[in-house]
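Undergrad: Below is upload_36.cif; it holds mmCIF, C-alpha atoms.
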```cif
data_protein
loop_
_atom_site.label_atom_id
_atom_site.label_comp_id
_atom_site.auth_asym_id
_atom_site.auth_seq_id
_atom_site.Cartn_x
_atom_site.Cartn_y
_atom_site.Cartn_z
CA MET K 266 23.27 -5.12 -13.65
CA HIS K 267 23.03 -7.40 -16.69
CA ARG K 268 20.18 -7.83 -19.13
CA ALA K 269 19.39 -11.26 -17.69
CA ASP K 270 18.89 -9.63 -14.30
CA LEU K 271 16.29 -7.24 -15.73
CA GLU K 272 14.21 -10.20 -16.95
CA ASN K 273 14.17 -11.85 -13.50
CA ALA K 274 10.56 -12.02 -12.24
CA ASP K 275 11.73 -10.96 -8.77
CA ILE K 276 13.33 -7.81 -10.20
CA ARG K 277 11.04 -6.82 -13.06
CA VAL K 278 7.24 -6.97 -12.85
CA ASP K 279 6.09 -9.79 -15.11
CA THR K 280 2.65 -9.75 -16.74
CA ASP K 281 2.26 -13.54 -16.76
CA ASP K 282 3.18 -13.65 -13.07
CA LEU K 283 0.43 -11.14 -12.22
CA ILE K 284 -2.14 -13.00 -14.31
CA ALA K 285 -1.26 -16.29 -12.59
CA LEU K 286 -2.05 -14.75 -9.20
CA ARG K 287 -5.75 -15.01 -10.04
CA ALA K 288 -5.71 -18.58 -8.76
CA ARG K 289 -4.51 -17.39 -5.35
CA ALA K 290 -6.93 -14.51 -4.87
CA ASP K 291 -9.91 -16.59 -3.78
CA ARG K 292 -8.80 -16.51 -0.12
CA ILE K 293 -8.62 -12.72 -0.02
CA LYS K 294 -11.66 -10.87 1.25
CA PRO K 295 -10.96 -7.15 1.63
CA ALA K 296 -12.35 -5.75 4.88
CA ARG K 297 -15.19 -3.28 4.44
CA PRO K 298 -16.00 -1.52 7.70
CA MET K 299 -17.35 1.57 5.91
CA PRO K 300 -20.65 1.29 4.01
CA ALA K 301 -20.47 1.74 0.26
CA ARG K 302 -21.67 4.98 -1.30
CA SER K 303 -21.66 4.04 -4.98
CA ALA K 304 -24.82 4.69 -6.96
CA LEU K 305 -24.53 1.32 -8.71
CA ALA K 306 -26.19 -1.78 -7.32
CA GLY K 307 -23.85 -4.39 -5.92
CA ALA K 308 -23.08 -6.67 -2.99
CA HIS K 309 -22.31 -4.18 -0.19
CA ARG K 310 -24.58 -2.33 2.17
CA SER K 311 -24.99 1.39 1.72
CA ARG K 312 -26.43 4.18 3.81
CA PHE K 313 -28.46 5.30 0.83
CA ARG K 314 -32.05 5.44 1.95
CA GLY K 315 -34.37 3.55 -0.29
CA ARG K 316 -36.05 0.24 -0.91
CA GLY K 317 -33.61 -2.63 -0.56
CA MET K 318 -32.98 -6.00 0.99
CA ASP K 319 -32.64 -5.15 4.70
CA TYR K 320 -34.81 -3.07 7.02
CA ARG K 321 -32.78 -0.42 8.82
CA GLU K 322 -35.07 1.82 10.91
CA SER K 323 -38.27 3.85 10.91
CA ARG K 324 -38.57 7.62 11.15
CA CYS K 325 -41.27 10.28 10.96
CA TYR K 326 -42.87 10.75 7.57
CA GLN K 327 -41.46 13.64 5.51
CA ALA K 328 -42.89 15.24 2.40
CA GLY K 329 -41.81 13.25 -0.64
CA ASP K 330 -41.43 9.89 1.13
CA ASP K 331 -42.80 6.87 -0.71
CA ILE K 332 -46.11 5.95 0.94
CA ARG K 333 -45.43 2.32 0.05
CA ASN K 334 -42.83 2.37 2.84
CA MET K 335 -45.29 3.45 5.56
CA ASP K 336 -44.69 1.68 8.87
CA TRP K 337 -48.31 1.28 9.95
CA ARG K 338 -47.52 -0.46 13.22
CA ILE K 339 -45.34 2.38 14.57
CA THR K 340 -47.69 4.95 13.05
CA ALA K 341 -50.60 3.50 15.04
CA ARG K 342 -48.56 3.35 18.23
CA ALA K 343 -46.98 6.82 17.93
CA GLY K 344 -50.06 8.59 16.63
CA HIS K 345 -48.28 10.16 13.64
CA ALA K 346 -46.97 8.82 10.33
CA HIS K 347 -43.70 6.86 10.16
CA VAL K 348 -41.92 5.33 7.17
CA LYS K 349 -39.49 2.42 6.95
CA LEU K 350 -35.89 2.91 5.75
CA PHE K 351 -33.86 0.17 4.11
CA ASP K 352 -30.18 -0.54 3.44
CA GLU K 353 -29.64 -0.92 -0.27
CA GLU K 354 -26.88 -3.10 -1.61
CA ARG K 355 -24.37 -1.10 -3.60
CA GLU K 356 -21.29 -1.73 -5.67
CA ARG K 357 -18.08 -0.49 -4.07
CA PRO K 358 -15.10 0.78 -6.09
CA VAL K 359 -11.64 -0.33 -4.97
CA VAL K 360 -8.60 1.83 -5.77
CA VAL K 361 -4.96 0.79 -5.53
CA VAL K 362 -2.29 3.48 -5.09
CA ALA K 363 1.07 1.94 -6.04
CA ASP K 364 4.44 3.62 -5.48
CA PHE K 365 7.11 2.82 -8.09
CA GLY K 366 9.58 5.48 -7.01
CA PRO K 367 13.35 4.83 -6.96
CA SER K 368 13.39 3.48 -3.39
CA MET K 369 10.96 0.72 -4.41
CA PHE K 370 13.46 -0.85 -6.83
CA PHE K 371 15.40 -2.51 -4.05
CA ALA K 372 15.69 -5.79 -2.18
CA SER K 373 18.47 -7.49 -0.26
CA THR K 374 16.55 -10.77 -0.48
CA GLY K 375 13.37 -12.03 -2.10
CA ALA K 376 11.75 -9.76 -4.67
CA PHE K 377 12.11 -6.03 -5.29
CA LYS K 378 9.71 -3.85 -3.32
CA SER K 379 8.27 -2.76 -6.67
CA VAL K 380 7.49 -6.38 -7.54
CA ILE K 381 5.88 -6.99 -4.14
CA ALA K 382 3.75 -3.87 -4.65
CA ALA K 383 2.69 -5.04 -8.11
CA ARG K 384 1.78 -8.50 -6.83
CA LEU K 385 -0.24 -7.05 -3.96
CA ALA K 386 -2.04 -4.74 -6.39
CA ALA K 387 -2.81 -7.61 -8.77
CA LEU K 388 -4.11 -9.80 -5.93
CA ILE K 389 -6.35 -6.98 -4.70
CA GLY K 390 -7.59 -6.50 -8.25
CA TRP K 391 -8.43 -10.17 -8.77
CA ALA K 392 -10.22 -10.35 -5.41
CA THR K 393 -12.12 -7.16 -6.24
CA ILE K 394 -13.55 -8.29 -9.56
CA ALA K 395 -14.31 -11.73 -8.08
CA HIS K 396 -16.61 -9.93 -5.62
CA GLY K 397 -18.30 -8.02 -8.44
CA ASP K 398 -16.68 -4.66 -7.68
CA ARG K 399 -14.74 -2.24 -9.86
CA ILE K 400 -10.96 -1.85 -9.66
CA GLY K 401 -9.09 1.40 -10.27
CA ALA K 402 -5.57 2.61 -9.62
CA LEU K 403 -3.22 5.53 -9.32
CA ILE K 404 0.35 4.55 -10.16
CA PHE K 405 3.20 7.00 -9.66
CA ASN K 406 6.90 6.80 -10.45
CA GLY K 407 7.82 10.40 -11.21
CA GLY K 408 4.71 10.69 -13.37
CA HIS K 409 1.18 9.60 -12.58
CA GLN K 410 -1.13 7.15 -14.31
CA GLU K 411 -4.78 7.26 -13.32
CA LEU K 412 -7.11 4.33 -13.97
CA GLN K 413 -10.76 5.02 -13.27
CA PRO K 414 -12.51 2.10 -11.53
CA THR K 415 -13.68 -0.43 -14.10
CA GLY K 416 -15.37 -3.78 -13.55
CA GLY K 417 -14.59 -7.24 -14.82
CA ARG K 418 -11.52 -8.73 -16.47
CA ARG K 419 -11.16 -5.65 -18.65
CA GLY K 420 -10.47 -3.47 -15.63
CA GLN K 421 -8.06 -6.01 -14.13
CA MET K 422 -6.02 -6.49 -17.31
CA ARG K 423 -5.74 -2.74 -17.71
CA LEU K 424 -4.31 -2.60 -14.18
CA ILE K 425 -1.86 -5.43 -14.86
CA ARG K 426 -0.54 -3.74 -18.01
CA ALA K 427 -0.01 -0.49 -16.11
CA LEU K 428 1.79 -2.30 -13.28
CA ALA K 429 4.10 -4.11 -15.71
CA GLN K 430 4.99 -0.85 -17.43
CA ALA K 431 5.68 0.99 -14.17
CA GLY K 432 7.56 -1.98 -12.69
CA ASP K 433 10.35 -1.98 -15.28
CA PRO K 434 13.52 -1.20 -13.30
CA ALA K 435 15.57 -0.03 -16.28
CA PRO K 436 14.21 3.55 -16.46
CA ALA K 437 14.29 3.97 -12.67
CA LEU K 438 17.92 2.83 -12.49
CA GLY K 439 19.04 4.76 -15.55
CA LEU K 440 19.80 1.57 -17.45
CA VAL K 441 19.31 0.72 -21.11
CA ARG K 442 18.28 -2.82 -21.92
CA GLY K 443 21.15 -4.85 -23.26
CA GLN K 444 23.74 -2.80 -21.41
CA SER K 445 25.31 -3.70 -18.09
CA ARG K 446 26.66 -1.27 -15.55
CA LYS K 447 30.32 -1.75 -14.74
CA SER K 448 31.34 -2.10 -11.12
CA ASP K 449 33.18 0.84 -9.61
CA PRO K 450 36.75 -0.29 -8.81
CA ASP K 451 36.83 2.28 -6.02
CA MET K 452 33.97 0.55 -4.19
CA PRO K 453 35.42 -2.65 -2.69
CA GLY K 454 33.61 -4.60 -0.01
CA LYS K 455 30.47 -6.66 0.34
CA ARG K 456 28.00 -5.52 -2.27
CA VAL K 457 24.32 -5.34 -1.42
CA SER K 458 22.49 -7.66 -3.82
CA ALA K 459 20.09 -4.94 -4.98
CA PRO K 460 21.04 -1.93 -7.13
CA THR K 461 19.40 0.72 -4.97
CA PHE K 462 18.97 1.49 -1.32
CA SER K 463 15.82 2.93 0.15
CA THR K 464 17.22 5.83 2.09
CA PRO K 465 20.61 7.00 3.32
CA ALA K 466 21.42 5.10 6.49
CA PRO K 467 23.59 6.27 9.36
CA SER K 468 27.33 5.67 9.26
CA THR K 469 27.34 5.98 5.48
CA SER K 470 30.43 7.24 3.68
CA ALA K 471 30.27 8.03 -0.02
CA SER K 472 32.97 7.05 -2.46
CA SER K 473 31.47 9.31 -5.09
CA ALA K 474 28.36 11.46 -4.69
CA PRO K 475 25.91 10.84 -1.83
CA ALA K 476 23.27 8.22 -2.41
CA SER K 477 20.58 10.89 -2.41
CA SER K 478 20.29 14.63 -2.18
CA ASP K 479 17.88 17.14 -0.74
CA ASN K 480 16.69 17.96 -4.24
CA ASP K 481 15.98 14.31 -4.92
CA ALA K 482 14.05 13.98 -1.68
CA ALA K 483 12.05 17.09 -2.41
CA THR K 484 11.17 15.77 -5.84
CA ASP K 485 10.08 12.40 -4.42
CA THR K 486 8.06 14.04 -1.66
CA SER K 487 6.33 16.30 -4.15
CA CYS K 488 5.53 13.24 -6.27
CA LEU K 489 3.86 11.45 -3.36
CA THR K 490 1.91 14.52 -2.32
CA GLN K 491 0.78 15.12 -5.90
CA ALA K 492 -0.30 11.49 -6.17
CA LEU K 493 -2.47 11.81 -3.06
CA ALA K 494 -3.91 15.07 -4.38
CA ARG K 495 -4.81 13.36 -7.66
CA LEU K 496 -6.31 10.41 -5.81
CA ARG K 497 -9.45 12.41 -5.10
CA ARG K 498 -10.18 12.33 -8.84
CA VAL K 499 -10.02 8.52 -8.92
CA ALA K 500 -11.37 7.53 -5.50
CA ARG K 501 -14.94 8.72 -5.13
CA PRO K 502 -16.41 8.98 -1.60
CA GLY K 503 -16.98 5.53 -0.14
CA SER K 504 -14.15 3.85 -2.05
CA LEU K 505 -11.90 1.20 -0.55
CA VAL K 506 -8.33 2.47 -1.07
CA PHE K 507 -5.08 0.51 -0.70
CA LEU K 508 -1.79 2.42 -0.43
CA LEU K 509 1.26 0.33 -1.41
CA SER K 510 4.62 1.94 -0.63
CA ASP K 511 7.65 2.00 1.65
CA PHE K 512 6.50 5.52 2.65
CA TYR K 513 9.96 7.06 2.74
CA THR K 514 8.58 10.27 1.22
CA LEU K 515 5.61 10.55 3.57
CA ASP K 516 5.56 14.11 4.95
CA GLN K 517 3.23 16.69 6.51
CA ASP K 518 1.67 17.60 3.16
CA SER K 519 1.01 13.93 2.48
CA GLU K 520 -0.57 13.58 5.91
CA ARG K 521 -3.00 16.43 5.22
CA TYR K 522 -4.19 14.77 2.02
CA LEU K 523 -4.46 11.39 3.75
CA ALA K 524 -6.58 12.90 6.52
CA ARG K 525 -8.96 14.42 3.96
CA LEU K 526 -9.23 11.19 2.00
CA ALA K 527 -9.81 9.13 5.14
CA ARG K 528 -12.88 11.18 6.05
CA ASN K 529 -14.91 9.78 3.16
CA ASN K 530 -13.04 6.61 2.16
CA ASP K 531 -11.81 3.42 3.78
CA LEU K 532 -7.98 3.52 3.56
CA THR K 533 -5.53 0.69 4.18
CA ALA K 534 -1.77 1.31 4.00
CA PHE K 535 0.55 -1.55 3.11
CA GLN K 536 4.14 -0.73 4.08
CA ILE K 537 6.60 -2.79 2.06
CA VAL K 538 9.86 -3.41 3.90
CA ASP K 539 13.14 -5.19 3.30
CA PRO K 540 14.82 -7.27 6.05
CA LEU K 541 17.72 -4.79 6.03
CA GLU K 542 15.21 -2.16 7.18
CA VAL K 543 14.25 -4.29 10.16
CA ASP K 544 17.64 -5.58 11.38
CA PRO K 545 21.15 -4.36 10.49
CA PRO K 546 23.20 -6.72 8.32
CA PRO K 547 26.02 -8.70 9.95
CA PRO K 548 28.98 -6.54 11.00
CA GLY K 549 30.90 -5.34 7.98
CA ARG K 550 31.33 -2.64 5.36
CA TYR K 551 28.73 -2.81 2.62
CA ALA K 552 28.81 -1.08 -0.75
CA ILE K 553 25.50 0.43 -1.86
CA THR K 554 24.46 2.12 -5.08
CA ASP K 555 21.36 3.70 -6.55
CA GLY K 556 22.49 2.65 -10.02
CA VAL K 557 24.28 5.94 -10.62
CA ARG K 558 26.04 6.93 -7.41
CA GLY K 559 27.52 4.82 -4.66
CA GLY K 560 28.46 4.76 -1.00
CA PHE K 561 29.05 2.47 1.97
CA ILE K 562 27.25 1.32 5.09
CA ASP K 563 29.56 0.49 7.98
CA THR K 564 28.00 -1.82 10.58
CA ALA K 565 31.25 -3.13 12.03
CA GLY K 566 30.97 -1.21 15.30
CA ARG K 567 28.29 -1.37 17.98
CA VAL K 568 27.56 2.36 17.75
CA GLY K 569 27.10 2.15 14.00
CA ARG K 570 24.70 -0.78 14.31
CA GLU K 571 22.68 1.01 16.98
CA ARG K 572 22.42 4.15 14.85
CA TYR K 573 21.41 2.03 11.87
CA ALA K 574 18.64 0.28 13.80
CA ALA K 575 17.43 3.55 15.35
CA HIS K 576 17.30 5.22 11.94
CA PHE K 577 14.86 2.70 10.50
CA ALA K 578 12.92 2.28 13.75
CA ARG K 579 12.20 6.03 13.68
CA HIS K 580 10.90 5.72 10.14
CA HIS K 581 8.59 2.81 10.97
CA GLU K 582 7.28 4.63 14.06
CA ARG K 583 6.70 7.79 12.03
CA VAL K 584 4.68 5.87 9.43
CA GLN K 585 2.56 4.35 12.20
CA GLU K 586 2.03 7.70 13.91
CA ILE K 587 0.88 9.42 10.71
CA THR K 588 -1.44 6.61 9.62
CA GLY K 589 -2.76 6.32 13.17
CA ARG K 590 -3.61 10.02 13.34
CA CYS K 591 -5.44 9.69 10.03
CA GLY K 592 -7.36 6.60 11.15
CA ILE K 593 -5.73 4.41 8.48
CA ALA K 594 -5.10 0.70 9.01
CA LEU K 595 -1.37 -0.07 8.65
CA LEU K 596 -0.23 -3.49 7.42
CA ARG K 597 3.19 -4.73 6.41
CA CYS K 598 4.78 -7.12 3.91
CA GLY K 599 8.46 -8.02 3.64
CA THR K 600 10.34 -8.51 0.39
CA ASP K 601 11.07 -12.06 1.57
CA GLN K 602 7.40 -12.88 2.21
CA ASP K 603 4.62 -14.26 0.04
CA PRO K 604 2.29 -11.34 -0.83
CA ALA K 605 -0.71 -13.63 -1.25
CA GLU K 606 -0.26 -15.16 2.20
CA ARG K 607 0.40 -11.80 3.83
CA LEU K 608 -2.58 -10.12 2.19
CA ALA K 609 -5.00 -12.94 3.04
CA ALA K 610 -3.82 -13.12 6.66
CA ALA K 611 -3.70 -9.35 7.12
CA MET K 612 -7.18 -8.80 5.71
CA ALA K 613 -8.54 -11.60 7.90
CA ALA K 614 -6.85 -10.04 10.95
CA ARG K 615 -8.22 -6.64 10.09
CA THR K 616 -11.71 -8.03 9.66
CA ARG K 617 -11.50 -9.70 13.08
CA ARG K 618 -10.35 -6.51 14.75
CA SER K 619 -12.59 -4.42 12.54
CA GLY K 620 -11.01 -1.23 13.24
CA ALA K 621 -10.39 2.29 12.50
CA GLY K 622 -6.69 3.11 12.19
CA GLY K 623 -3.78 1.38 13.80
CA TYR K 624 -1.35 -1.44 13.23
CA PHE K 625 -2.84 -4.84 12.46
CA ASP K 626 -0.54 -7.84 12.87
CA ASP K 627 -1.67 -11.37 12.13
CA GLY K 628 1.17 -12.78 14.23
CA GLN K 629 3.55 -13.55 11.38
CA ALA K 630 7.07 -12.23 11.75
CA VAL K 631 8.29 -9.65 9.29
CA ARG K 632 11.63 -11.37 9.40
CA GLY K 633 12.70 -14.34 11.46
CA ASN K 634 13.08 -13.11 15.02
CA ALA K 635 11.66 -9.60 14.73
CA ARG K 636 8.14 -8.29 14.56
CA LEU K 637 6.29 -5.10 15.40
CA GLU K 638 3.91 -5.27 18.34
CA THR K 639 1.22 -2.74 19.18
CA GLN K 640 1.42 -1.51 22.75
CA THR K 641 -1.36 -0.04 24.86
CA ALA K 642 -0.26 3.48 23.99
CA GLY K 643 -0.44 2.66 20.30
CA ARG K 644 3.32 3.05 19.73
CA PRO K 645 5.34 0.15 18.31
CA ARG K 646 8.34 -1.56 19.81
CA TRP K 647 10.77 -3.97 18.24
CA LEU K 648 10.83 -7.48 19.67
CA THR K 649 13.82 -9.75 19.11
#
```
Since I need it in another form, could you write the structure as structure tokens?
TA:
Amino acid sequence: MHRADLENADIRVDTDDLIALRARADRIKPARPMPARSALAGAHRSRFRGRGMDYRESRCYQAGDDIRNMDWRITARAGHAHVKLFDEERERPVVVVADFGPSMFFASTGAFKSVIAARLAALIGWATIAHGDRIGALIFNGGHQELQPTGGRRGQMRLIRALAQAGDPAPALGLVRGQSRKSDPDMPGKRVSAPTFSTPAPSTSASSAPASSDNDAATDTSCLTQALARLRRVARPGSLVFLLSDFYTLDQDSERYLARLARNNDLTAFQIVDPLEVDPPPPGRYAITDGVRGGFIDTAGRVGRERYAAHFARHHERVQEITGRCGIALLRCGTDQDPAERLAAAMAARTRRSGAGGYFDDGQAVRGNARLETQTAGRPRWLT
């Protein structure tokens, strides 16, 4: 990879690009099925009991209740004191959890997954502050950066700077700016246009070391689990939380933390996928590399293509099953899709269906002739 490649806005997260997305955030209205619990006044209803804009219900008088809220009509009818309860409007913090692990620095077409994640995060941030809420984040890429929810442009620019720093592919790919990595003469064939591949696929033969190892996977999994554990320090109860990742390191420990977080927060998972993770590439032998080590994917034979498709289908089903069990809405965005259009359509679809967990599809295809459809049993199937 050459220095010019690292400056490409579809490969490296660009600050100006994220700032420019402000103009496209006006169509995005994050769904809010769960009432806010923040102590600060704002534009969202809360289950805090107090004096507010909207009457909620009446109940029997209890010691300490404000006598100004007496419901004299029900008191006269019931024969004992009742008070009125109101829904107060509260500010709601929004927290973005963005994955910038090695598997996110990949794309066969369009923009890197890391760039898509950064653009989604920036769009969510702009929409959040436009609605008068606070934006926070937890960004992880081996380390963790926590941004406590902050309102206004100050909070958004802090998020953008953090995204740009985490979205630099050079450290993740072991590259130094100004240097280019030489091609391996022992790796002939059709080279995948991106420098890394998300996960070892079936029918892969390595020309050097394997594309990943158990130790690498364990480290990545631990990083995701630690990020979710730290999220409780950033996302206070009642927060609206967006998870942006390809979820290749989602495991049982991660699921436990997600289940705990989902009890008191409104979680939405955005799975970022590449077209190669939906359909196998045309028959052939493809060289892949993670920037350090290399291997091949062989899709020439029917069996190899079937194993390839089954490998990724199992991953997508597993992500849906875990998020479904946790009651988390699952949305998707391809590397070849416009994040602003996908986010606006997905949030509108989720608002219409207003749901607990499950897969929400606005009808747009992830790639050309394939999309994921929710069946009655809640399990996905691939349609071609």
Undergrad: Could you check the closest approach to Leu283 of chain K for each of K:Leu532, K:Arg423, K:Ser373, K:Asn406 and tell me which residue wins, using only C-alpha atoms?
TA: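 Checking each of K:Leu532, K:Arg423, K:Ser373, K:Asn406 against Leu283 of chain K, counting only C-alpha atoms, the winner is K:Arg423.
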Undergrad: Of the residues K:Tyr326, K:Phe370, K:Trp391, K:Phe577, which is the one nearest to Ala288 of chain K, using only C-alpha atoms?
TA: K:Trp391
Undergrad: What does the structure give for the distance between atom CA of Asp275 of chain K and atom CA of Gln491 of chain K, in Å to one decimal?
TA: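 Calculated distance between atom CA of Asp275 of chain K and atom CA of Gln491 of chain K is 28.4 Å.
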Undergrad: Using all atoms listed in the file, which protein or nucleic acid residues come within 8 Å of Ala574 of chain K? Drop anything in the same chain fewer than 6 positions from it, and give the result as JSON, numbers by chain.
TA: {"K": [542, 543, 544, 545]}
Undergrad: Keeping only C-alpha atoms, write those residues as a tab-separated table (two decimals), in the coordinates of the input.
TA:
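To be explicit, this is the file written out as part_18.tsv:
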```tsv
chain	number	residue	atom	x	y	z
K	542	GLU	CA	15.21	-2.16	7.18
K	543	VAL	CA	14.25	-4.29	10.16
K	544	ASP	CA	17.64	-5.58	11.38
K	545	PRO	CA	21.15	-4.36	10.49
```
Undergrad: Expressed in Å to a single decimal, how great is the separation between atom CA of Ala363 of chain K and atom CA of Arg607 of chain K?
TA: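 Value for the atom CA of Ala363 of chain K-atom CA of Arg607 of chain K distance: 16.9 Å.
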Undergrad: Exactly which residues make up the result of the PyMOL selection byres ((chain K and resi 510-513) around 6) on this file, given as a ChimeraX atom specification?
TA: /K:364,509,514-515,536-537
Undergrad: Here's the selection I'm unsure about, the PyMOL selection byres ((chain K and resi 603) around 10); applied to the file above, which residues does it give, as a compact mmCIF listing (two decimals) with C-alpha atoms, in the frame of the given file?
TA:
```txt
# COMPACT_ATOMS: atom_id res chain seq x y z
CA GLY K 375 13.37 -12.03 -2.10
CA ALA K 376 11.75 -9.76 -4.67
CA ILE K 381 5.88 -6.99 -4.14
CA ARG K 384 1.78 -8.50 -6.83
CA LEU K 385 -0.24 -7.05 -3.96
CA CYS K 598 4.78 -7.12 3.91
CA GLY K 599 8.46 -8.02 3.64
CA THR K 600 10.34 -8.51 0.39
CA ASP K 601 11.07 -12.06 1.57
CA GLN K 602 7.40 -12.88 2.21
CA PRO K 604 2.29 -11.34 -0.83
CA ALA K 605 -0.71 -13.63 -1.25
CA GLU K 606 -0.26 -15.16 2.20
CA ARG K 607 0.40 -11.80 3.83
CA LEU K 608 -2.58 -10.12 2.19
```
Undergrad: Using the chain letters and numbers from the file, give me the residues hit by the PyMOL selection byres ((chain K and resi 386) around 10), as a list in words.
TA: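 Checking the PyMOL selection byres ((chain K and resi 386) around 10) against this file, the residues are Leu283, Val360, Val361, Val362, Ala363, Val380, Ile381, Ala382, Ala383, Arg384, Leu385, Ala387, Leu388, Ile389, Gly390, Trp391, Ala392, Ile400, Ala402, Gln421, Leu424, Ile425, Leu428, Phe507, Leu508, Leu509 and Pro604 of chain K.
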Undergrad: Rounded to one decimal place, report the atom CA of Thr340 of chain K-atom CA of Ala328 of chain K distance in Å.
TA: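 The value is 15.6 Å.
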Undergrad: Find the residue from K:Arg497, K:Arg426, K:Arg570, K:Arg521 that sits nearest to Pro547 of chain K; use all atoms listed in the file when measuring.
TA: K:Arg570
Undergrad: Which one is closest to Ala431 of chain K: K:Gly589, K:Leu596, K:Gly408, K:Arg550? Count only C-alpha atoms.
TA: K:Gly408
Undergrad: I'd like to know which of K:Ala527, K:Ala492, K:Ala500, K:Val538 is closest to Ser368 of chain K, using all atoms listed in the file.
TA: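 That would be K:Val538, the residue with the smallest distance to Ser368 of chain K.
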Undergrad: Taking all atoms listed in the file into account, which of K:Asn529, K:Ala395, K:Phe351, K:Ser504 comes nearest Arg418 of chain K?
TA: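 Distance minimum relative to Arg418 of chain K lands on K:Ala395.
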